[in-house]
>>> print(open('final-v4.pdb').read())   # PDB, N, CA and C atoms, pLDDT in the B column
ATOM      1  N   MET A  30      59.487  22.396  43.489  1.00 63.00           N
ATOM      2  CA  MET A  30      59.279  23.312  44.594  1.00 63.00           C
ATOM      3  C   MET A  30      59.324  24.748  44.073  1.00 63.00           C
ATOM      4  N   PRO A  31      58.422  25.575  44.508  1.00 71.00           N
ATOM      5  CA  PRO A  31      58.423  26.974  44.070  1.00 71.00           C
ATOM      6  C   PRO A  31      59.677  27.704  44.545  1.00 71.00           C
ATOM      7  N   GLY A  32      60.145  28.622  43.722  1.00 92.00           N
ATOM      8  CA  GLY A  32      61.294  29.414  44.098  1.00 92.00           C
ATOM      9  C   GLY A  32      62.635  28.830  43.700  1.00 92.00           C
ATOM     10  N   PHE A  33      62.633  27.657  43.102  1.00 97.00           N
ATOM     11  CA  PHE A  33      63.881  27.027  42.690  1.00 97.00           C
ATOM     12  C   PHE A  33      64.049  27.074  41.180  1.00 97.00           C
ATOM     13  N   GLN A  34      65.284  27.099  40.757  1.00 98.00           N
ATOM     14  CA  GLN A  34      65.674  26.946  39.359  1.00 98.00           C
ATOM     15  C   GLN A  34      66.372  25.597  39.274  1.00 98.00           C
ATOM     16  N   TYR A  35      66.049  24.820  38.271  1.00 98.00           N
ATOM     17  CA  TYR A  35      66.621  23.487  38.130  1.00 98.00           C
ATOM     18  C   TYR A  35      67.521  23.413  36.902  1.00 98.00           C
ATOM     19  N   VAL A  36      68.739  22.969  37.114  1.00 98.00           N
ATOM     20  CA  VAL A  36      69.624  22.608  36.021  1.00 98.00           C
ATOM     21  C   VAL A  36      69.455  21.104  35.899  1.00 98.00           C
ATOM     22  N   TYR A  37      69.085  20.646  34.706  1.00 98.00           N
ATOM     23  CA  TYR A  37      68.751  19.235  34.544  1.00 98.00           C
ATOM     24  C   TYR A  37      69.505  18.609  33.385  1.00 98.00           C
ATOM     25  N   ILE A  38      69.704  17.318  33.499  1.00 98.00           N
ATOM     26  CA  ILE A  38      70.294  16.524  32.434  1.00 98.00           C
ATOM     27  C   ILE A  38      69.290  15.438  32.100  1.00 98.00           C
ATOM     28  N   LEU A  39      68.909  15.396  30.828  1.00 98.00           N
ATOM     29  CA  LEU A  39      68.004  14.362  30.339  1.00 98.00           C
ATOM     30  C   LEU A  39      68.798  13.343  29.545  1.00 98.00           C
ATOM     31  N   GLU A  40      68.322  12.101  29.573  1.00 98.00           N
ATOM     32  CA  GLU A  40      68.901  11.062  28.721  1.00 98.00           C
ATOM     33  C   GLU A  40      67.812  10.537  27.811  1.00 98.00           C
ATOM     34  N   SER A  41      68.152  10.387  26.545  1.00 98.00           N
ATOM     35  CA  SER A  41      67.201   9.895  25.558  1.00 98.00           C
ATOM     36  C   SER A  41      66.939   8.413  25.773  1.00 98.00           C
ATOM     37  N   LEU A  42      65.665   8.028  25.758  1.00 98.00           N
ATOM     38  CA  LEU A  42      65.308   6.611  25.819  1.00 98.00           C
ATOM     39  C   LEU A  42      65.412   5.989  24.429  1.00 98.00           C
ATOM     40  N   ALA A  43      65.255   6.806  23.393  1.00 97.00           N
ATOM     41  CA  ALA A  43      65.342   6.324  22.013  1.00 97.00           C
ATOM     42  C   ALA A  43      66.794   6.076  21.606  1.00 97.00           C
ATOM     43  N   GLU A  44      67.717   6.855  22.165  1.00 97.00           N
ATOM     44  CA  GLU A  44      69.139   6.724  21.846  1.00 97.00           C
ATOM     45  C   GLU A  44      69.939   6.872  23.140  1.00 97.00           C
ATOM     46  N   PRO A  45      70.016   5.797  23.945  1.00 96.00           N
ATOM     47  CA  PRO A  45      70.754   5.871  25.211  1.00 96.00           C
ATOM     48  C   PRO A  45      72.178   6.368  24.979  1.00 96.00           C
ATOM     49  N   GLY A  46      72.626   7.213  25.898  1.00 95.00           N
ATOM     50  CA  GLY A  46      73.936   7.827  25.756  1.00 95.00           C
ATOM     51  C   GLY A  46      73.858   9.223  25.154  1.00 95.00           C
ATOM     52  N   ARG A  47      72.675   9.621  24.679  1.00 97.00           N
ATOM     53  CA  ARG A  47      72.435  10.974  24.159  1.00 97.00           C
ATOM     54  C   ARG A  47      71.846  11.785  25.309  1.00 97.00           C
ATOM     55  N   PHE A  48      72.457  12.941  25.607  1.00 97.00           N
ATOM     56  CA  PHE A  48      72.041  13.754  26.734  1.00 97.00           C
ATOM     57  C   PHE A  48      71.664  15.156  26.296  1.00 97.00           C
ATOM     58  N   TYR A  49      70.825  15.791  27.098  1.00 98.00           N
ATOM     59  CA  TYR A  49      70.430  17.178  26.885  1.00 98.00           C
ATOM     60  C   TYR A  49      70.496  17.876  28.237  1.00 98.00           C
ATOM     61  N   THR A  50      71.099  19.048  28.288  1.00 98.00           N
ATOM     62  CA  THR A  50      71.219  19.827  29.520  1.00 98.00           C
ATOM     63  C   THR A  50      70.419  21.110  29.377  1.00 98.00           C
ATOM     64  N   GLY A  51      69.652  21.452  30.414  1.00 98.00           N
ATOM     65  CA  GLY A  51      68.844  22.660  30.355  1.00 98.00           C
ATOM     66  C   GLY A  51      68.603  23.273  31.720  1.00 98.00           C
ATOM     67  N   LEU A  52      67.819  24.341  31.718  1.00 98.00           N
ATOM     68  CA  LEU A  52      67.513  25.119  32.919  1.00 98.00           C
ATOM     69  C   LEU A  52      66.034  25.468  32.898  1.00 98.00           C
ATOM     70  N   THR A  53      65.349  25.289  34.026  1.00 98.00           N
ATOM     71  CA  THR A  53      63.924  25.594  34.108  1.00 98.00           C
ATOM     72  C   THR A  53      63.526  25.856  35.554  1.00 98.00           C
ATOM     73  N   ASP A  54      62.342  26.438  35.714  1.00 97.00           N
ATOM     74  CA  ASP A  54      61.796  26.591  37.067  1.00 97.00           C
ATOM     75  C   ASP A  54      60.666  25.585  37.315  1.00 97.00           C
ATOM     76  N   ASN A  55      60.323  24.778  36.300  1.00 97.00           N
ATOM     77  CA  ASN A  55      59.276  23.768  36.439  1.00 97.00           C
ATOM     78  C   ASN A  55      59.734  22.506  35.704  1.00 97.00           C
ATOM     79  N   LEU A  56      60.403  21.629  36.411  1.00 97.00           N
ATOM     80  CA  LEU A  56      61.033  20.461  35.796  1.00 97.00           C
ATOM     81  C   LEU A  56      60.022  19.496  35.174  1.00 97.00           C
ATOM     82  N   GLY A  57      58.921  19.245  35.859  1.00 97.00           N
ATOM     83  CA  GLY A  57      57.912  18.330  35.332  1.00 97.00           C
ATOM     84  C   GLY A  57      57.319  18.814  34.022  1.00 97.00           C
ATOM     85  N   GLU A  58      56.970  20.098  33.969  1.00 98.00           N
ATOM     86  CA  GLU A  58      56.397  20.665  32.739  1.00 98.00           C
ATOM     87  C   GLU A  58      57.431  20.682  31.616  1.00 98.00           C
ATOM     88  N   ARG A  59      58.665  21.003  31.947  1.00 98.00           N
ATOM     89  CA  ARG A  59      59.709  21.037  30.920  1.00 98.00           C
ATOM     90  C   ARG A  59      59.952  19.649  30.337  1.00 98.00           C
ATOM     91  N   LEU A  60      59.939  18.615  31.166  1.00 98.00           N
ATOM     92  CA  LEU A  60      60.093  17.246  30.671  1.00 98.00           C
ATOM     93  C   LEU A  60      58.936  16.884  29.748  1.00 98.00           C
ATOM     94  N   ARG A  61      57.727  17.271  30.112  1.00 98.00           N
ATOM     95  CA  ARG A  61      56.567  17.020  29.237  1.00 98.00           C
ATOM     96  C   ARG A  61      56.746  17.700  27.885  1.00 98.00           C
ATOM     97  N   MET A  62      57.268  18.919  27.879  1.00 98.00           N
ATOM     98  CA  MET A  62      57.497  19.638  26.628  1.00 98.00           C
ATOM     99  C   MET A  62      58.549  18.934  25.763  1.00 98.00           C
ATOM    100  N   HIS A  63      59.623  18.474  26.394  1.00 98.00           N
ATOM    101  CA  HIS A  63      60.648  17.735  25.649  1.00 98.00           C
ATOM    102  C   HIS A  63      60.046  16.471  25.031  1.00 98.00           C
ATOM    103  N   ASN A  64      59.280  15.733  25.806  1.00 98.00           N
ATOM    104  CA  ASN A  64      58.726  14.476  25.327  1.00 98.00           C
ATOM    105  C   ASN A  64      57.610  14.673  24.305  1.00 98.00           C
ATOM    106  N   ALA A  65      56.982  15.841  24.297  1.00 98.00           N
ATOM    107  CA  ALA A  65      55.939  16.144  23.311  1.00 98.00           C
ATOM    108  C   ALA A  65      56.536  16.697  22.012  1.00 98.00           C
ATOM    109  N   GLY A  66      57.857  16.872  21.970  1.00 96.00           N
ATOM    110  CA  GLY A  66      58.505  17.379  20.765  1.00 96.00           C
ATOM    111  C   GLY A  66      58.410  18.879  20.592  1.00 96.00           C
ATOM    112  N   LYS A  67      58.102  19.602  21.662  1.00 97.00           N
ATOM    113  CA  LYS A  67      57.940  21.056  21.573  1.00 97.00           C
ATOM    114  C   LYS A  67      59.248  21.822  21.741  1.00 97.00           C
ATOM    115  N   ILE A  68      60.323  21.125  22.050  1.00 95.00           N
ATOM    116  CA  ILE A  68      61.639  21.738  22.172  1.00 95.00           C
ATOM    117  C   ILE A  68      62.436  21.258  20.962  1.00 95.00           C
ATOM    118  N   SER A  69      62.708  22.171  20.036  1.00 95.00           N
ATOM    119  CA  SER A  69      63.292  21.772  18.750  1.00 95.00           C
ATOM    120  C   SER A  69      64.633  21.056  18.884  1.00 95.00           C
ATOM    121  N   HIS A  70      65.462  21.445  19.832  1.00 95.00           N
ATOM    122  CA  HIS A  70      66.792  20.842  19.968  1.00 95.00           C
ATOM    123  C   HIS A  70      66.754  19.410  20.481  1.00 95.00           C
ATOM    124  N   SER A  71      65.656  19.000  21.075  1.00 96.00           N
ATOM    125  CA  SER A  71      65.598  17.657  21.651  1.00 96.00           C
ATOM    126  C   SER A  71      64.525  16.769  21.024  1.00 96.00           C
ATOM    127  N   ALA A  72      63.710  17.317  20.141  1.00 96.00           N
ATOM    128  CA  ALA A  72      62.571  16.573  19.596  1.00 96.00           C
ATOM    129  C   ALA A  72      62.979  15.286  18.878  1.00 96.00           C
ATOM    130  N   LYS A  73      64.081  15.327  18.184  1.00 96.00           N
ATOM    131  CA  LYS A  73      64.523  14.180  17.381  1.00 96.00           C
ATOM    132  C   LYS A  73      64.827  12.942  18.233  1.00 96.00           C
ATOM    133  N   TYR A  74      65.206  13.140  19.487  1.00 97.00           N
ATOM    134  CA  TYR A  74      65.652  12.034  20.330  1.00 97.00           C
ATOM    135  C   TYR A  74      64.670  11.668  21.439  1.00 97.00           C
ATOM    136  N   ALA A  75      63.437  12.173  21.369  1.00 97.00           N
ATOM    137  CA  ALA A  75      62.412  11.864  22.380  1.00 97.00           C
ATOM    138  C   ALA A  75      62.048  10.385  22.282  1.00 97.00           C
ATOM    139  N   PRO A  76      61.596   9.788  23.332  1.00 98.00           N
ATOM    140  CA  PRO A  76      61.315  10.336  24.664  1.00 98.00           C
ATOM    141  C   PRO A  76      62.576  10.443  25.525  1.00 98.00           C
ATOM    142  N   TRP A  77      62.443  11.261  26.561  1.00 98.00           N
ATOM    143  CA  TRP A  77      63.530  11.550  27.478  1.00 98.00           C
ATOM    144  C   TRP A  77      63.161  11.144  28.898  1.00 98.00           C
ATOM    145  N   GLN A  78      64.196  10.909  29.724  1.00 98.00           N
ATOM    146  CA  GLN A  78      63.998  10.726  31.163  1.00 98.00           C
ATOM    147  C   GLN A  78      65.007  11.605  31.884  1.00 98.00           C
ATOM    148  N   VAL A  79      64.675  12.025  33.082  1.00 98.00           N
ATOM    149  CA  VAL A  79      65.587  12.854  33.872  1.00 98.00           C
ATOM    150  C   VAL A  79      66.701  11.961  34.408  1.00 98.00           C
ATOM    151  N   LYS A  80      67.930  12.322  34.089  1.00 98.00           N
ATOM    152  CA  LYS A  80      69.090  11.610  34.620  1.00 98.00           C
ATOM    153  C   LYS A  80      69.525  12.253  35.926  1.00 98.00           C
ATOM    154  N   SER A  81      69.618  13.589  35.942  1.00 98.00           N
ATOM    155  CA  SER A  81      70.036  14.342  37.129  1.00 98.00           C
ATOM    156  C   SER A  81      69.380  15.713  37.109  1.00 98.00           C
ATOM    157  N   ALA A  82      69.176  16.265  38.298  1.00 98.00           N
ATOM    158  CA  ALA A  82      68.673  17.634  38.421  1.00 98.00           C
ATOM    159  C   ALA A  82      69.256  18.235  39.698  1.00 98.00           C
ATOM    160  N   VAL A  83      69.669  19.494  39.590  1.00 98.00           N
ATOM    161  CA  VAL A  83      70.227  20.223  40.730  1.00 98.00           C
ATOM    162  C   VAL A  83      69.392  21.478  40.911  1.00 98.00           C
ATOM    163  N   ALA A  84      68.915  21.714  42.135  1.00 98.00           N
ATOM    164  CA  ALA A  84      68.065  22.870  42.431  1.00 98.00           C
ATOM    165  C   ALA A  84      68.896  24.022  42.984  1.00 98.00           C
ATOM    166  N   PHE A  85      68.594  25.218  42.486  1.00 98.00           N
ATOM    167  CA  PHE A  85      69.256  26.447  42.930  1.00 98.00           C
ATOM    168  C   PHE A  85      68.198  27.467  43.316  1.00 98.00           C
ATOM    169  N   ARG A  86      68.467  28.274  44.312  1.00 97.00           N
ATOM    170  CA  ARG A  86      67.591  29.396  44.648  1.00 97.00           C
ATOM    171  C   ARG A  86      67.947  30.619  43.811  1.00 97.00           C
ATOM    172  N   ASP A  87      69.189  30.699  43.373  1.00 97.00           N
ATOM    173  CA  ASP A  87      69.698  31.848  42.642  1.00 97.00           C
ATOM    174  C   ASP A  87      69.773  31.525  41.142  1.00 97.00           C
ATOM    175  N   ARG A  88      69.005  32.250  40.325  1.00 97.00           N
ATOM    176  CA  ARG A  88      68.973  31.973  38.884  1.00 97.00           C
ATOM    177  C   ARG A  88      70.324  32.222  38.214  1.00 97.00           C
ATOM    178  N   THR A  89      71.069  33.211  38.700  1.00 97.00           N
ATOM    179  CA  THR A  89      72.379  33.506  38.128  1.00 97.00           C
ATOM    180  C   THR A  89      73.327  32.331  38.324  1.00 97.00           C
ATOM    181  N   ARG A  90      73.333  31.772  39.510  1.00 98.00           N
ATOM    182  CA  ARG A  90      74.188  30.610  39.774  1.00 98.00           C
ATOM    183  C   ARG A  90      73.741  29.400  38.970  1.00 98.00           C
ATOM    184  N   ALA A  91      72.435  29.228  38.836  1.00 98.00           N
ATOM    185  CA  ALA A  91      71.912  28.107  38.042  1.00 98.00           C
ATOM    186  C   ALA A  91      72.356  28.250  36.593  1.00 98.00           C
ATOM    187  N   GLY A  92      72.259  29.455  36.050  1.00 98.00           N
ATOM    188  CA  GLY A  92      72.681  29.697  34.676  1.00 98.00           C
ATOM    189  C   GLY A  92      74.165  29.441  34.477  1.00 98.00           C
ATOM    190  N   ALA A  93      74.962  29.843  35.448  1.00 98.00           N
ATOM    191  CA  ALA A  93      76.408  29.614  35.364  1.00 98.00           C
ATOM    192  C   ALA A  93      76.718  28.125  35.400  1.00 98.00           C
ATOM    193  N   PHE A  94      76.009  27.375  36.243  1.00 98.00           N
ATOM    194  CA  PHE A  94      76.232  25.929  36.325  1.00 98.00           C
ATOM    195  C   PHE A  94      75.792  25.245  35.032  1.00 98.00           C
ATOM    196  N   GLU A  95      74.674  25.673  34.459  1.00 98.00           N
ATOM    197  CA  GLU A  95      74.227  25.102  33.185  1.00 98.00           C
ATOM    198  C   GLU A  95      75.279  25.352  32.101  1.00 98.00           C
ATOM    199  N   ARG A  96      75.772  26.577  32.003  1.00 98.00           N
ATOM    200  CA  ARG A  96      76.796  26.889  31.000  1.00 98.00           C
ATOM    201  C   ARG A  96      78.049  26.037  31.210  1.00 98.00           C
ATOM    202  N   TYR A  97      78.436  25.844  32.469  1.00 98.00           N
ATOM    203  CA  TYR A  97      79.593  24.994  32.777  1.00 98.00           C
ATOM    204  C   TYR A  97      79.361  23.563  32.294  1.00 98.00           C
ATOM    205  N   LEU A  98      78.176  23.014  32.563  1.00 98.00           N
ATOM    206  CA  LEU A  98      77.894  21.634  32.167  1.00 98.00           C
ATOM    207  C   LEU A  98      77.923  21.449  30.650  1.00 98.00           C
ATOM    208  N   LYS A  99      77.781  22.531  29.902  1.00 97.00           N
ATOM    209  CA  LYS A  99      77.804  22.445  28.441  1.00 97.00           C
ATOM    210  C   LYS A  99      79.216  22.580  27.869  1.00 97.00           C
ATOM    211  N   THR A 100      80.213  22.767  28.736  1.00 98.00           N
ATOM    212  CA  THR A 100      81.610  22.813  28.294  1.00 98.00           C
ATOM    213  C   THR A 100      82.181  21.400  28.307  1.00 98.00           C
ATOM    214  N   GLY A 101      83.344  21.232  27.737  1.00 97.00           N
ATOM    215  CA  GLY A 101      84.000  19.919  27.738  1.00 97.00           C
ATOM    216  C   GLY A 101      84.264  19.404  29.146  1.00 97.00           C
ATOM    217  N   SER A 102      84.818  20.250  30.001  1.00 97.00           N
ATOM    218  CA  SER A 102      85.103  19.805  31.363  1.00 97.00           C
ATOM    219  C   SER A 102      83.815  19.589  32.156  1.00 97.00           C
ATOM    220  N   GLY A 103      82.784  20.385  31.854  1.00 97.00           N
ATOM    221  CA  GLY A 103      81.492  20.198  32.515  1.00 97.00           C
ATOM    222  C   GLY A 103      80.838  18.890  32.129  1.00 97.00           C
ATOM    223  N   ARG A 104      80.938  18.517  30.842  1.00 96.00           N
ATOM    224  CA  ARG A 104      80.391  17.225  30.401  1.00 96.00           C
ATOM    225  C   ARG A 104      81.132  16.076  31.072  1.00 96.00           C
ATOM    226  N   ALA A 105      82.453  16.194  31.201  1.00 96.00           N
ATOM    227  CA  ALA A 105      83.238  15.165  31.879  1.00 96.00           C
ATOM    228  C   ALA A 105      82.830  15.065  33.350  1.00 96.00           C
ATOM    229  N   PHE A 106      82.644  16.214  33.995  1.00 96.00           N
ATOM    230  CA  PHE A 106      82.195  16.232  35.391  1.00 96.00           C
ATOM    231  C   PHE A 106      80.840  15.540  35.531  1.00 96.00           C
ATOM    232  N   ALA A 107      79.897  15.884  34.658  1.00 96.00           N
ATOM    233  CA  ALA A 107      78.549  15.309  34.729  1.00 96.00           C
ATOM    234  C   ALA A 107      78.587  13.804  34.497  1.00 96.00           C
ATOM    235  N   LYS A 108      79.386  13.362  33.553  1.00 93.00           N
ATOM    236  CA  LYS A 108      79.479  11.939  33.253  1.00 93.00           C
ATOM    237  C   LYS A 108      80.007  11.163  34.463  1.00 93.00           C
ATOM    238  N   LYS A 109      80.997  11.752  35.148  1.00 94.00           N
ATOM    239  CA  LYS A 109      81.620  11.072  36.284  1.00 94.00           C
ATOM    240  C   LYS A 109      80.818  11.215  37.573  1.00 94.00           C
ATOM    241  N   ARG A 110      80.232  12.387  37.799  1.00 94.00           N
ATOM    242  CA  ARG A 110      79.630  12.691  39.109  1.00 94.00           C
ATOM    243  C   ARG A 110      78.096  12.724  39.122  1.00 94.00           C
ATOM    244  N   LEU A 111      77.481  13.048  37.999  1.00 89.00           N
ATOM    245  CA  LEU A 111      76.024  13.169  37.988  1.00 89.00           C
ATOM    246  C   LEU A 111      75.417  12.025  37.211  1.00 89.00           C
TER
END
>>> encode(input="final-v4.pdb", output="structure tokens")
Amino acid sequence: MPGFQYVYILESLAEPGRFYTGLTDNLGERLRMHNAGKISHSAKYAPWQVKSAVAFRDRTRAGAFERYLKTGSGRAFAKKRL
């Protein structure tokens, strides 16, 4: 949907249990980029599938949530709740 920022968690199909967390305004295109190997941090573990995505209208809040999910407590939260 236009106007939203998405914080997303991908799971590797090649190595289940391997996750990648990111932020984008176009989730479908970003997933295509990950699966095409155009994102260096995730290319090694492609292909990917979307495990969870949360939409935000405010980019600042989306960025803060993404940073949180990349912390130890954020990873624990995502594993349990997302």
>>> residues_around(input="final-v4.pdb", residues="A:Ser41", least_positions_apart="4", cutoff="10 Å", atoms="only C-alpha atoms", output="number ranges by chain")
A: 45-49, 64, 71, 73-80
>>> resolve_selection(input="final-v4.pdb", expression="the PyMOL selection byres ((chain A and resi 50) around 5)", output="VMD selection string")
chain A and resid 37 to 39 48 to 49 51 to 52
>>> resolve_selection(input="final-v4.pdb", expression="the PyMOL selection byres ((chain A and resi 95-106) around 8)", output="list in words")
Tyr35, Val36, Tyr37, Thr50, Gly51, Leu52, Thr89, Arg90, Ala91, Gly92, Ala93, Phe94, Ala107, Lys108, Lys109, Arg110 and Leu111 of chain A
>>> write_last_selection(input="final-v4.pdb", atoms="N, CA and C atoms", output="CSV table (one decimal), in the frame of the given file")
chain,number,residue,atom,x,y,z
A,35,TYR,N,66.0,24.8,38.3
A,35,TYR,CA,66.6,23.5,38.1
A,35,TYR,C,67.5,23.4,36.9
A,36,VAL,N,68.7,23.0,37.1
A,36,VAL,CA,69.6,22.6,36.0
A,36,VAL,C,69.5,21.1,35.9
A,37,TYR,N,69.1,20.6,34.7
A,37,TYR,CA,68.8,19.2,34.5
A,37,TYR,C,69.5,18.6,33.4
A,50,THR,N,71.1,19.0,28.3
A,50,THR,CA,71.2,19.8,29.5
A,50,THR,C,70.4,21.1,29.4
A,51,GLY,N,69.7,21.5,30.4
A,51,GLY,CA,68.8,22.7,30.4
A,51,GLY,C,68.6,23.3,31.7
A,52,LEU,N,67.8,24.3,31.7
A,52,LEU,CA,67.5,25.1,32.9
A,52,LEU,C,66.0,25.5,32.9
A,89,THR,N,71.1,33.2,38.7
A,89,THR,CA,72.4,33.5,38.1
A,89,THR,C,73.3,32.3,38.3
A,90,ARG,N,73.3,31.8,39.5
A,90,ARG,CA,74.2,30.6,39.8
A,90,ARG,C,73.7,29.4,39.0
A,91,ALA,N,72.4,29.2,38.8
A,91,ALA,CA,71.9,28.1,38.0
A,91,ALA,C,72.4,28.2,36.6
A,92,GLY,N,72.3,29.5,36.0
A,92,GLY,CA,72.7,29.7,34.7
A,92,GLY,C,74.2,29.4,34.5
A,93,ALA,N,75.0,29.8,35.4
A,93,ALA,CA,76.4,29.6,35.4
A,93,ALA,C,76.7,28.1,35.4
A,94,PHE,N,76.0,27.4,36.2
A,94,PHE,CA,76.2,25.9,36.3
A,94,PHE,C,75.8,25.2,35.0
A,107,ALA,N,79.9,15.9,34.7
A,107,ALA,CA,78.5,15.3,34.7
A,107,ALA,C,78.6,13.8,34.5
A,108,LYS,N,79.4,13.4,33.6
A,108,LYS,CA,79.5,11.9,33.3
A,108,LYS,C,80.0,11.2,34.5
A,109,LYS,N,81.0,11.8,35.1
A,109,LYS,CA,81.6,11.1,36.3
A,109,LYS,C,80.8,11.2,37.6
A,110,ARG,N,80.2,12.4,37.8
A,110,ARG,CA,79.6,12.7,39.1
A,110,ARG,C,78.1,12.7,39.1
A,111,LEU,N,77.5,13.0,38.0
A,111,LEU,CA,76.0,13.2,38.0
A,111,LEU,C,75.4,12.0,37.2
>>> select_by_dssp(input="final-v4.pdb", residues="chain A", states="strand (DSSP E or B)", output="list in words")
Gln34, Tyr35, Val36, Tyr37, Ile38, Leu39, Glu40, Ser41, Phe48, Tyr49, Thr50, Gly51, Leu52, Thr53, Trp77, Gln78, Val79, Lys80, Ser81, Ala82, Val83, Ala84 and Phe85 of chain A
>>> write_last_selection(input="final-v4.pdb", atoms="N, CA and C atoms", output="PDB file, in the frame of the given file")
ATOM      1  N   GLN A  34      65.284  27.099  40.757  1.00 98.00           N
ATOM      2  CA  GLN A  34      65.674  26.946  39.359  1.00 98.00           C
ATOM      3  C   GLN A  34      66.372  25.597  39.274  1.00 98.00           C
ATOM      4  N   TYR A  35      66.049  24.820  38.271  1.00 98.00           N
ATOM      5  CA  TYR A  35      66.621  23.487  38.130  1.00 98.00           C
ATOM      6  C   TYR A  35      67.521  23.413  36.902  1.00 98.00           C
ATOM      7  N   VAL A  36      68.739  22.969  37.114  1.00 98.00           N
ATOM      8  CA  VAL A  36      69.624  22.608  36.021  1.00 98.00           C
ATOM      9  C   VAL A  36      69.455  21.104  35.899  1.00 98.00           C
ATOM     10  N   TYR A  37      69.085  20.646  34.706  1.00 98.00           N
ATOM     11  CA  TYR A  37      68.751  19.235  34.544  1.00 98.00           C
ATOM     12  C   TYR A  37      69.505  18.609  33.385  1.00 98.00           C
ATOM     13  N   ILE A  38      69.704  17.318  33.499  1.00 98.00           N
ATOM     14  CA  ILE A  38      70.294  16.524  32.434  1.00 98.00           C
ATOM     15  C   ILE A  38      69.290  15.438  32.100  1.00 98.00           C
ATOM     16  N   LEU A  39      68.909  15.396  30.828  1.00 98.00           N
ATOM     17  CA  LEU A  39      68.004  14.362  30.339  1.00 98.00           C
ATOM     18  C   LEU A  39      68.798  13.343  29.545  1.00 98.00           C
ATOM     19  N   GLU A  40      68.322  12.101  29.573  1.00 98.00           N
ATOM     20  CA  GLU A  40      68.901  11.062  28.721  1.00 98.00           C
ATOM     21  C   GLU A  40      67.812  10.537  27.811  1.00 98.00           C
ATOM     22  N   SER A  41      68.152  10.387  26.545  1.00 98.00           N
ATOM     23  CA  SER A  41      67.201   9.895  25.558  1.00 98.00           C
ATOM     24  C   SER A  41      66.939   8.413  25.773  1.00 98.00           C
ATOM     25  N   PHE A  48      72.457  12.941  25.607  1.00 97.00           N
ATOM     26  CA  PHE A  48      72.041  13.754  26.734  1.00 97.00           C
ATOM     27  C   PHE A  48      71.664  15.156  26.296  1.00 97.00           C
ATOM     28  N   TYR A  49      70.825  15.791  27.098  1.00 98.00           N
ATOM     29  CA  TYR A  49      70.430  17.178  26.885  1.00 98.00           C
ATOM     30  C   TYR A  49      70.496  17.876  28.237  1.00 98.00           C
ATOM     31  N   THR A  50      71.099  19.048  28.288  1.00 98.00           N
ATOM     32  CA  THR A  50      71.219  19.827  29.520  1.00 98.00           C
ATOM     33  C   THR A  50      70.419  21.110  29.377  1.00 98.00           C
ATOM     34  N   GLY A  51      69.652  21.452  30.414  1.00 98.00           N
ATOM     35  CA  GLY A  51      68.844  22.660  30.355  1.00 98.00           C
ATOM     36  C   GLY A  51      68.603  23.273  31.720  1.00 98.00           C
ATOM     37  N   LEU A  52      67.819  24.341  31.718  1.00 98.00           N
ATOM     38  CA  LEU A  52      67.513  25.119  32.919  1.00 98.00           C
ATOM     39  C   LEU A  52      66.034  25.468  32.898  1.00 98.00           C
ATOM     40  N   THR A  53      65.349  25.289  34.026  1.00 98.00           N
ATOM     41  CA  THR A  53      63.924  25.594  34.108  1.00 98.00           C
ATOM     42  C   THR A  53      63.526  25.856  35.554  1.00 98.00           C
ATOM     43  N   TRP A  77      62.443  11.261  26.561  1.00 98.00           N
ATOM     44  CA  TRP A  77      63.530  11.550  27.478  1.00 98.00           C
ATOM     45  C   TRP A  77      63.161  11.144  28.898  1.00 98.00           C
ATOM     46  N   GLN A  78      64.196  10.909  29.724  1.00 98.00           N
ATOM     47  CA  GLN A  78      63.998  10.726  31.163  1.00 98.00           C
ATOM     48  C   GLN A  78      65.007  11.605  31.884  1.00 98.00           C
ATOM     49  N   VAL A  79      64.675  12.025  33.082  1.00 98.00           N
ATOM     50  CA  VAL A  79      65.587  12.854  33.872  1.00 98.00           C
ATOM     51  C   VAL A  79      66.701  11.961  34.408  1.00 98.00           C
ATOM     52  N   LYS A  80      67.930  12.322  34.089  1.00 98.00           N
ATOM     53  CA  LYS A  80      69.090  11.610  34.620  1.00 98.00           C
ATOM     54  C   LYS A  80      69.525  12.253  35.926  1.00 98.00           C
ATOM     55  N   SER A  81      69.618  13.589  35.942  1.00 98.00           N
ATOM     56  CA  SER A  81      70.036  14.342  37.129  1.00 98.00           C
ATOM     57  C   SER A  81      69.380  15.713  37.109  1.00 98.00           C
ATOM     58  N   ALA A  82      69.176  16.265  38.298  1.00 98.00           N
ATOM     59  CA  ALA A  82      68.673  17.634  38.421  1.00 98.00           C
ATOM     60  C   ALA A  82      69.256  18.235  39.698  1.00 98.00           C
ATOM     61  N   VAL A  83      69.669  19.494  39.590  1.00 98.00           N
ATOM     62  CA  VAL A  83      70.227  20.223  40.730  1.00 98.00           C
ATOM     63  C   VAL A  83      69.392  21.478  40.911  1.00 98.00           C
ATOM     64  N   ALA A  84      68.915  21.714  42.135  1.00 98.00           N
ATOM     65  CA  ALA A  84      68.065  22.870  42.431  1.00 98.00           C
ATOM     66  C   ALA A  84      68.896  24.022  42.984  1.00 98.00           C
ATOM     67  N   PHE A  85      68.594  25.218  42.486  1.00 98.00           N
ATOM     68  CA  PHE A  85      69.256  26.447  42.930  1.00 98.00           C
ATOM     69  C   PHE A  85      68.198  27.467  43.316  1.00 98.00           C
TER      70      PHE A  85
END
>>> select_by_dssp(input="final-v4.pdb", residues="chain A", states="alpha helix (DSSP H)", output="NGL selection string")
:A and (56-64 or 88-98 or 101-110)
>>> closest_residue(input="final-v4.pdb", among="A:Ser81, A:Ile68, A:Asp54, A:Arg59", to="A:Phe33", atoms="all atoms listed in the file")
A:Asp54
>>> residues_around(input="final-v4.pdb", residues="A:Arg86", least_positions_apart="2", cutoff="6 Å", atoms="all atoms listed in the file", output="ChimeraX atom specification")
/A:32-34,84,88
>>> atom_distance(input="final-v4.pdb", atom1="atom CA of A:Glu58", atom2="atom CA of A:Ala82")
13.9 Å
>>> atom_distance(input="final-v4.pdb", atom1="atom N of A:His70", atom2="atom C of A:Pro31")
26.1 Å
>>> atom_distance(input="final-v4.pdb", atom1="atom N of A:Glu44", atom2="atom CA of A:Phe85")
28.6 Å
>>> axis_aligned_box(input="final-v4.pdb", around="stretch 53-72 of chain A", padding_each_side="8 Å", output="AutoDock Vina command-line options")
--center_x 61.4 --center_y 20.5 --center_z 28.0 --size_x 26.9 --size_y 28.1 --size_z 34.6
